[in-house]
Amino acid sequence: MRSSTLHPASGSRRRLYRQVRKGASTFLSHLLLSATAALFTTPFLWLIVTSLKPLDQVFTDPPRWIPDPIMWQNYVESLTSPAFPFLNLLRNTLFYAVLSTLGVLLSSAIVAYAFARLEFQGRDVLFLITLSTMMLPGVVTLIPTYILFRKFGWVGTYAPLIVPYYLGSPFNIFLLRQFMMTIPWDLTDAAHVDGANDWVILFRILIPLIKPALLVIGVFHFMWAWNDFMGPLIYLDNVKEYPLVMGLYAFQTRFGIQWNLMMAASLAVTFPLILLFFVAQRYFIEGIALTGLKGI
Amino acid sequence: MLKSLSRSEDLQANARSRFYLSKRARDNLKGYLFVSPWILSLLVFTAYPMIASFYFAMTRYSILNPPQWIGLENFVVMFTKDPLYWRSVWNTTYYTLLSVPLGILAGLALAMLLNQRIGGIGIYRTLYYLPGLVPAVASTLLWMVLLDPRLGLVNAVLRWFGLRPVGWLRSAAWSKPALILMSLWGGSGGTMLIFLAALKEVPQSLLEAAMIDGANAWQRFWHVTLALITPTIFFNLIMGIIGSFQVFASAFVAGSGEGGPLNSLLVYMLHLYRYAFRYFNMGYASAMAMAMFVVLVLLTLVLIRSSGYWVYYETARRR
């Protein structure tokens, strides 16, 4: 390089050097990125591969990557097994996940509206209390809440998994309030002048404008409900009422050695979430970035 | 009635009749009406359970009979006569001490990897996040296959590298590392997305200024990037600790609800769950919940105190 400053072609050579360097660094980046991707996807790949194996190929030395034959019927067998009644489990999960998601959206939007747009005594104190409950670990309220639901006669029903969400949830109230604060007052003032009341302003003006935020919250809550294990474990006692994750656990405790069927069932429980993720991906990633909420 | 009232002045309204509410009272009423579901929730599902937890912790309570006041006995039993209590404390501490810092490191490393201007980043981002979508029960079952002591894929890889295979979920020494491995696989993607958002907020101008001042890549990372994202690290630290203190589903499934080999998977929440919902000893379980709550509050306060020394806040700069 020292002599290159004297050389007539030094400029182009330096450019070439820079290009090679940049190419090499891009290549290295991709190498690192894909090695890491392999690390994260291999377990997932193994889930798929194992779900398609005959039982005697699940544990082999050396590990076997291509099942022979490919057992598509594993899915039929596991999803129609009386020990894992997939459609029934799916219906149960959808029932309480959808209902609680609707509740959380509706109630949080209404409460958030009060915090964002209405003036009343004690609002700011109440908002501070709301923020502080976000940090409250669930374990503190777990037992008295259970006893309360038992007194209501709700143990053994879906009510404990649905009803509380119709009264709002702190994190979602906080988020929706932040979003509503970004909507210009002029917009709602104009409606006020035209005689619109608060319900009209909330449901006709604000909610359509914060749809992306509602979508994010809805998807997160739905996934959380889908994955929730402790709630159903504590509150549901009848196998017929079990949601998917509980059904999966029960399936494993009874047929624990048939790992190929177990993996097929696990993938079936995961697949709808992956589908949902890809449909809502753009909102999803923005949502996590925005809220600092990991979803699960 | 309200409509016609809203068009008139407060004073006039007051003067006209004492049955009309002042504008202030009406505003209050409307506000309380809108927040009433949440106030109800705060009272029924937060305030009451918190107070009741403190009370139940001082009682013998099996649900079937009314609670019976026994003072601090639950705590005495817990701290001095229940060896499994301290086992569960240790298991949870071990899990937290490793899974939280490692989770933050992994999330940050992944975010740094993704924070480059090259093609295909979106695909990598999706691939890193994908494990986070697998429900805890399903991912635990998957890892039970992967971590099989004899013929699991992970041990096959260890052997391939010339390392000694270990017993993972079947061994008392390795079951917690196995649990941590599972949490890293499932949790790093979410942490990564939070860090990625923080990294995007680091102003390019500051990095360029540091470069002009002769800072090398490491110095730019340490003194500019890392310093600016300390609030995000702090957030992930607090949330990570609260979450890992309450780890449950993975330990429950991996140990079939029994605590695993030599109770090495008996995490705090599992011990609490057993007392509450298997033995219906609600007093003792409440005492356990209270002990965890107090420790979490103290820990959070200490961390908030410490944050003055290492967390950078935008507003502090103006001082």
# chains A, B, ... in the order shown; residues from 1 in each chain; ligands from 1

call {"tool": "residues_around", "arguments": {"residues": "segment 239-245 of chain A", "least_positions_apart": "3", "cutoff": "7 Å", "atoms": "only C-alpha atoms", "output": "ChimeraX atom specification"}}
result
/A:89-90,92-93,227,229,236,248-249,269 /B:137

call {"tool": "residues_around", "arguments": {"residues": "Met182 of chain B", "least_positions_apart": "6", "cutoff": "12 Å", "atoms": "only C-alpha atoms", "output": "PyMOL selection string"}}
result
(chain A and resi 40+43) or (chain B and resi 95+99+102-103+131-132+134-144+146-147+168-169+175-176+188+247+249-251+254)

call {"tool": "closest_atom_pairs", "arguments": {"of": "chain A", "to": "chain B", "cutoff": "7 Å", "atoms": "only C-alpha atoms", "output": "JSON lines"}}
result
{"residue": "A:Leu33", "atom": "CA", "partner": "B:Leu113", "partner_atom": "CA", "distance": 6.8}
{"residue": "A:Ala37", "atom": "CA", "partner": "B:Leu127", "partner_atom": "CA", "distance": 6.2}
{"residue": "A:Phe40", "atom": "CA", "partner": "B:Tyr128", "partner_atom": "CA", "distance": 6.0}
{"residue": "A:Thr41", "atom": "CA", "partner": "B:Leu127", "partner_atom": "CA", "distance": 6.7}
{"residue": "A:Leu47", "atom": "CA", "partner": "B:Leu142", "partner_atom": "CA", "distance": 6.3}
{"residue": "A:Phe59", "atom": "CA", "partner": "B:Leu151", "partner_atom": "CA", "distance": 5.4}
{"residue": "A:Thr60", "atom": "CA", "partner": "B:Leu151", "partner_atom": "CA", "distance": 6.2}
{"residue": "A:Asp61", "atom": "CA", "partner": "B:Leu151", "partner_atom": "CA", "distance": 6.5}
{"residue": "A:Pro63", "atom": "CA", "partner": "B:Leu153", "partner_atom": "CA", "distance": 6.5}
{"residue": "A:Ile110", "atom": "CA", "partner": "B:Phe34", "partner_atom": "CA", "distance": 6.1}
{"residue": "A:Val111", "atom": "CA", "partner": "B:Val35", "partner_atom": "CA", "distance": 4.8}
{"residue": "A:Ala114", "atom": "CA", "partner": "B:Gly31", "partner_atom": "CA", "distance": 5.7}
{"residue": "A:Leu118", "atom": "CA", "partner": "B:Gly31", "partner_atom": "CA", "distance": 5.9}
{"residue": "A:Glu119", "atom": "CA", "partner": "B:Asp27", "partner_atom": "CA", "distance": 6.3}
{"residue": "A:Phe120", "atom": "CA", "partner": "B:Asn28", "partner_atom": "CA", "distance": 4.4}
{"residue": "A:Gln121", "atom": "CA", "partner": "B:Asn28", "partner_atom": "CA", "distance": 6.1}
{"residue": "A:Pro137", "atom": "CA", "partner": "B:Ile242", "partner_atom": "CA", "distance": 6.6}
{"residue": "A:Val139", "atom": "CA", "partner": "B:Ala289", "partner_atom": "CA", "distance": 5.8}
{"residue": "A:Val140", "atom": "CA", "partner": "B:Ala289", "partner_atom": "CA", "distance": 5.6}
{"residue": "A:Thr141", "atom": "CA", "partner": "B:Pro49", "partner_atom": "CA", "distance": 4.9}
{"residue": "A:Ile143", "atom": "CA", "partner": "B:Ser286", "partner_atom": "CA", "distance": 6.7}
{"residue": "A:Pro144", "atom": "CA", "partner": "B:Pro49", "partner_atom": "CA", "distance": 4.9}
{"residue": "A:Thr145", "atom": "CA", "partner": "B:Pro49", "partner_atom": "CA", "distance": 6.0}
{"residue": "A:Leu167", "atom": "CA", "partner": "B:Pro37", "partner_atom": "CA", "distance": 4.6}
{"residue": "A:Gly168", "atom": "CA", "partner": "B:Trp38", "partner_atom": "CA", "distance": 5.5}
{"residue": "A:Asn227", "atom": "CA", "partner": "B:Pro135", "partner_atom": "CA", "distance": 5.2}
{"residue": "A:Phe229", "atom": "CA", "partner": "B:Ala249", "partner_atom": "CA", "distance": 6.4}
{"residue": "A:Val245", "atom": "CA", "partner": "B:Val137", "partner_atom": "CA", "distance": 6.2}
{"residue": "A:Tyr249", "atom": "CA", "partner": "B:Val137", "partner_atom": "CA", "distance": 6.7}
{"residue": "A:Met263", "atom": "CA", "partner": "B:Leu142", "partner_atom": "CA", "distance": 6.8}
{"residue": "A:Ser266", "atom": "CA", "partner": "B:Ala138", "partner_atom": "CA", "distance": 4.9}
{"residue": "A:Thr270", "atom": "CA", "partner": "B:Val134", "partner_atom": "CA", "distance": 5.4}
{"residue": "A:Leu273", "atom": "CA", "partner": "B:Leu133", "partner_atom": "CA", "distance": 6.5}
{"residue": "A:Ile274", "atom": "CA", "partner": "B:Leu133", "partner_atom": "CA", "distance": 6.6}
{"residue": "A:Ile288", "atom": "CA", "partner": "B:Ile194", "partner_atom": "CA", "distance": 6.4}
{"residue": "A:Ala289", "atom": "CA", "partner": "B:Ile194", "partner_atom": "CA", "distance": 5.0}
{"residue": "A:Gly292", "atom": "CA", "partner": "B:Ile194", "partner_atom": "CA", "distance": 5.4}
{"residue": "A:Lys294", "atom": "CA", "partner": "B:Gly190", "partner_atom": "CA", "distance": 4.9}

call {"tool": "write_last_selection", "arguments": {"atoms": "C-alpha atoms", "output": "short mmCIF file (atom, residue, chain, number, x, y, z; two decimals), in the first residue's frame"}}
result
data_model
loop_
_atom_site.label_atom_id
_atom_site.label_comp_id
_atom_site.auth_asym_id
_atom_site.auth_seq_id
_atom_site.Cartn_x
_atom_site.Cartn_y
_atom_site.Cartn_z
CA LEU A 33 -26.12 -14.95 10.66
CA ALA A 37 -30.07 -19.32 12.29
CA PHE A 40 -32.16 -21.73 16.35
CA THR A 41 -33.95 -23.69 13.64
CA LEU A 47 -39.58 -31.46 15.74
CA PHE A 59 -33.79 -42.54 18.78
CA THR A 60 -31.01 -43.92 16.59
CA ASP A 61 -27.24 -43.79 16.59
CA PRO A 63 -29.26 -39.49 14.49
CA ILE A 110 -62.91 2.02 27.09
CA VAL A 111 -60.71 2.50 30.16
CA ALA A 114 -60.97 7.75 30.07
CA LEU A 118 -61.51 12.57 29.96
CA GLU A 119 -60.82 14.83 32.92
CA PHE A 120 -61.82 13.60 36.33
CA GLN A 121 -60.59 13.87 39.85
CA PRO A 137 -46.12 -10.66 39.97
CA VAL A 139 -48.13 -15.18 42.33
CA VAL A 140 -49.24 -12.53 44.85
CA THR A 141 -52.88 -12.66 43.78
CA ILE A 143 -54.39 -18.01 45.75
CA PRO A 144 -57.05 -15.53 46.95
CA THR A 145 -58.22 -15.19 43.34
CA LEU A 167 -62.56 -5.55 33.26
CA GLY A 168 -59.36 -4.40 31.57
CA ASN A 227 -50.12 -20.86 25.60
CA PHE A 229 -50.73 -23.50 31.14
CA VAL A 245 -51.68 -27.29 25.79
CA TYR A 249 -49.58 -32.50 28.56
CA MET A 263 -44.04 -34.40 18.23
CA SER A 266 -46.81 -30.61 19.51
CA THR A 270 -47.85 -24.77 17.47
CA LEU A 273 -49.64 -19.72 16.08
CA ILE A 274 -47.01 -19.76 13.33
CA ILE A 288 -42.86 -6.07 20.23
CA ALA A 289 -40.42 -3.32 19.33
CA GLY A 292 -41.22 -4.21 24.87
CA LYS A 294 -42.44 -10.46 24.21
#

call {"tool": "select_by_dssp", "arguments": {"residues": "segment 80-285 of chain A", "states": "helix (DSSP H, G or I)", "output": "count of residues only"}}
result
163

call {"tool": "atom_distance", "arguments": {"atom1": "atom CA of Thr130 of chain A", "atom2": "atom CA of Pro170 of chain A"}}
result
5.7 Å

call {"tool": "residues_around", "arguments": {"residues": "Ile201 of chain A", "least_positions_apart": "2", "cutoff": "10 Å", "atoms": "only C-alpha atoms", "output": "PyMOL selection string"}}
result
chain A and resi 113+187-189+191-192+196-199+203-207

call {"tool": "closest_atom_pairs", "arguments": {"of": "segment 181-234 of chain A", "to": "segment 147-159 of chain A", "cutoff": "10 Å", "atoms": "only C-alpha atoms", "output": "JSON lines"}}
result
{"residue": "A:Gly231", "atom": "CA", "partner": "A:Tyr158", "partner_atom": "CA", "distance": 9.7}
{"residue": "A:Pro232", "atom": "CA", "partner": "A:Tyr158", "partner_atom": "CA", "distance": 8.3}
{"residue": "A:Ile234", "atom": "CA", "partner": "A:Val155", "partner_atom": "CA", "distance": 8.2}

call {"tool": "closest_residue", "arguments": {"among": "B:Tyr275, B:Tyr284, B:Trp174, B:Tyr312", "to": "Trp69 of chain B", "atoms": "only C-alpha atoms"}}
result
B:Tyr284
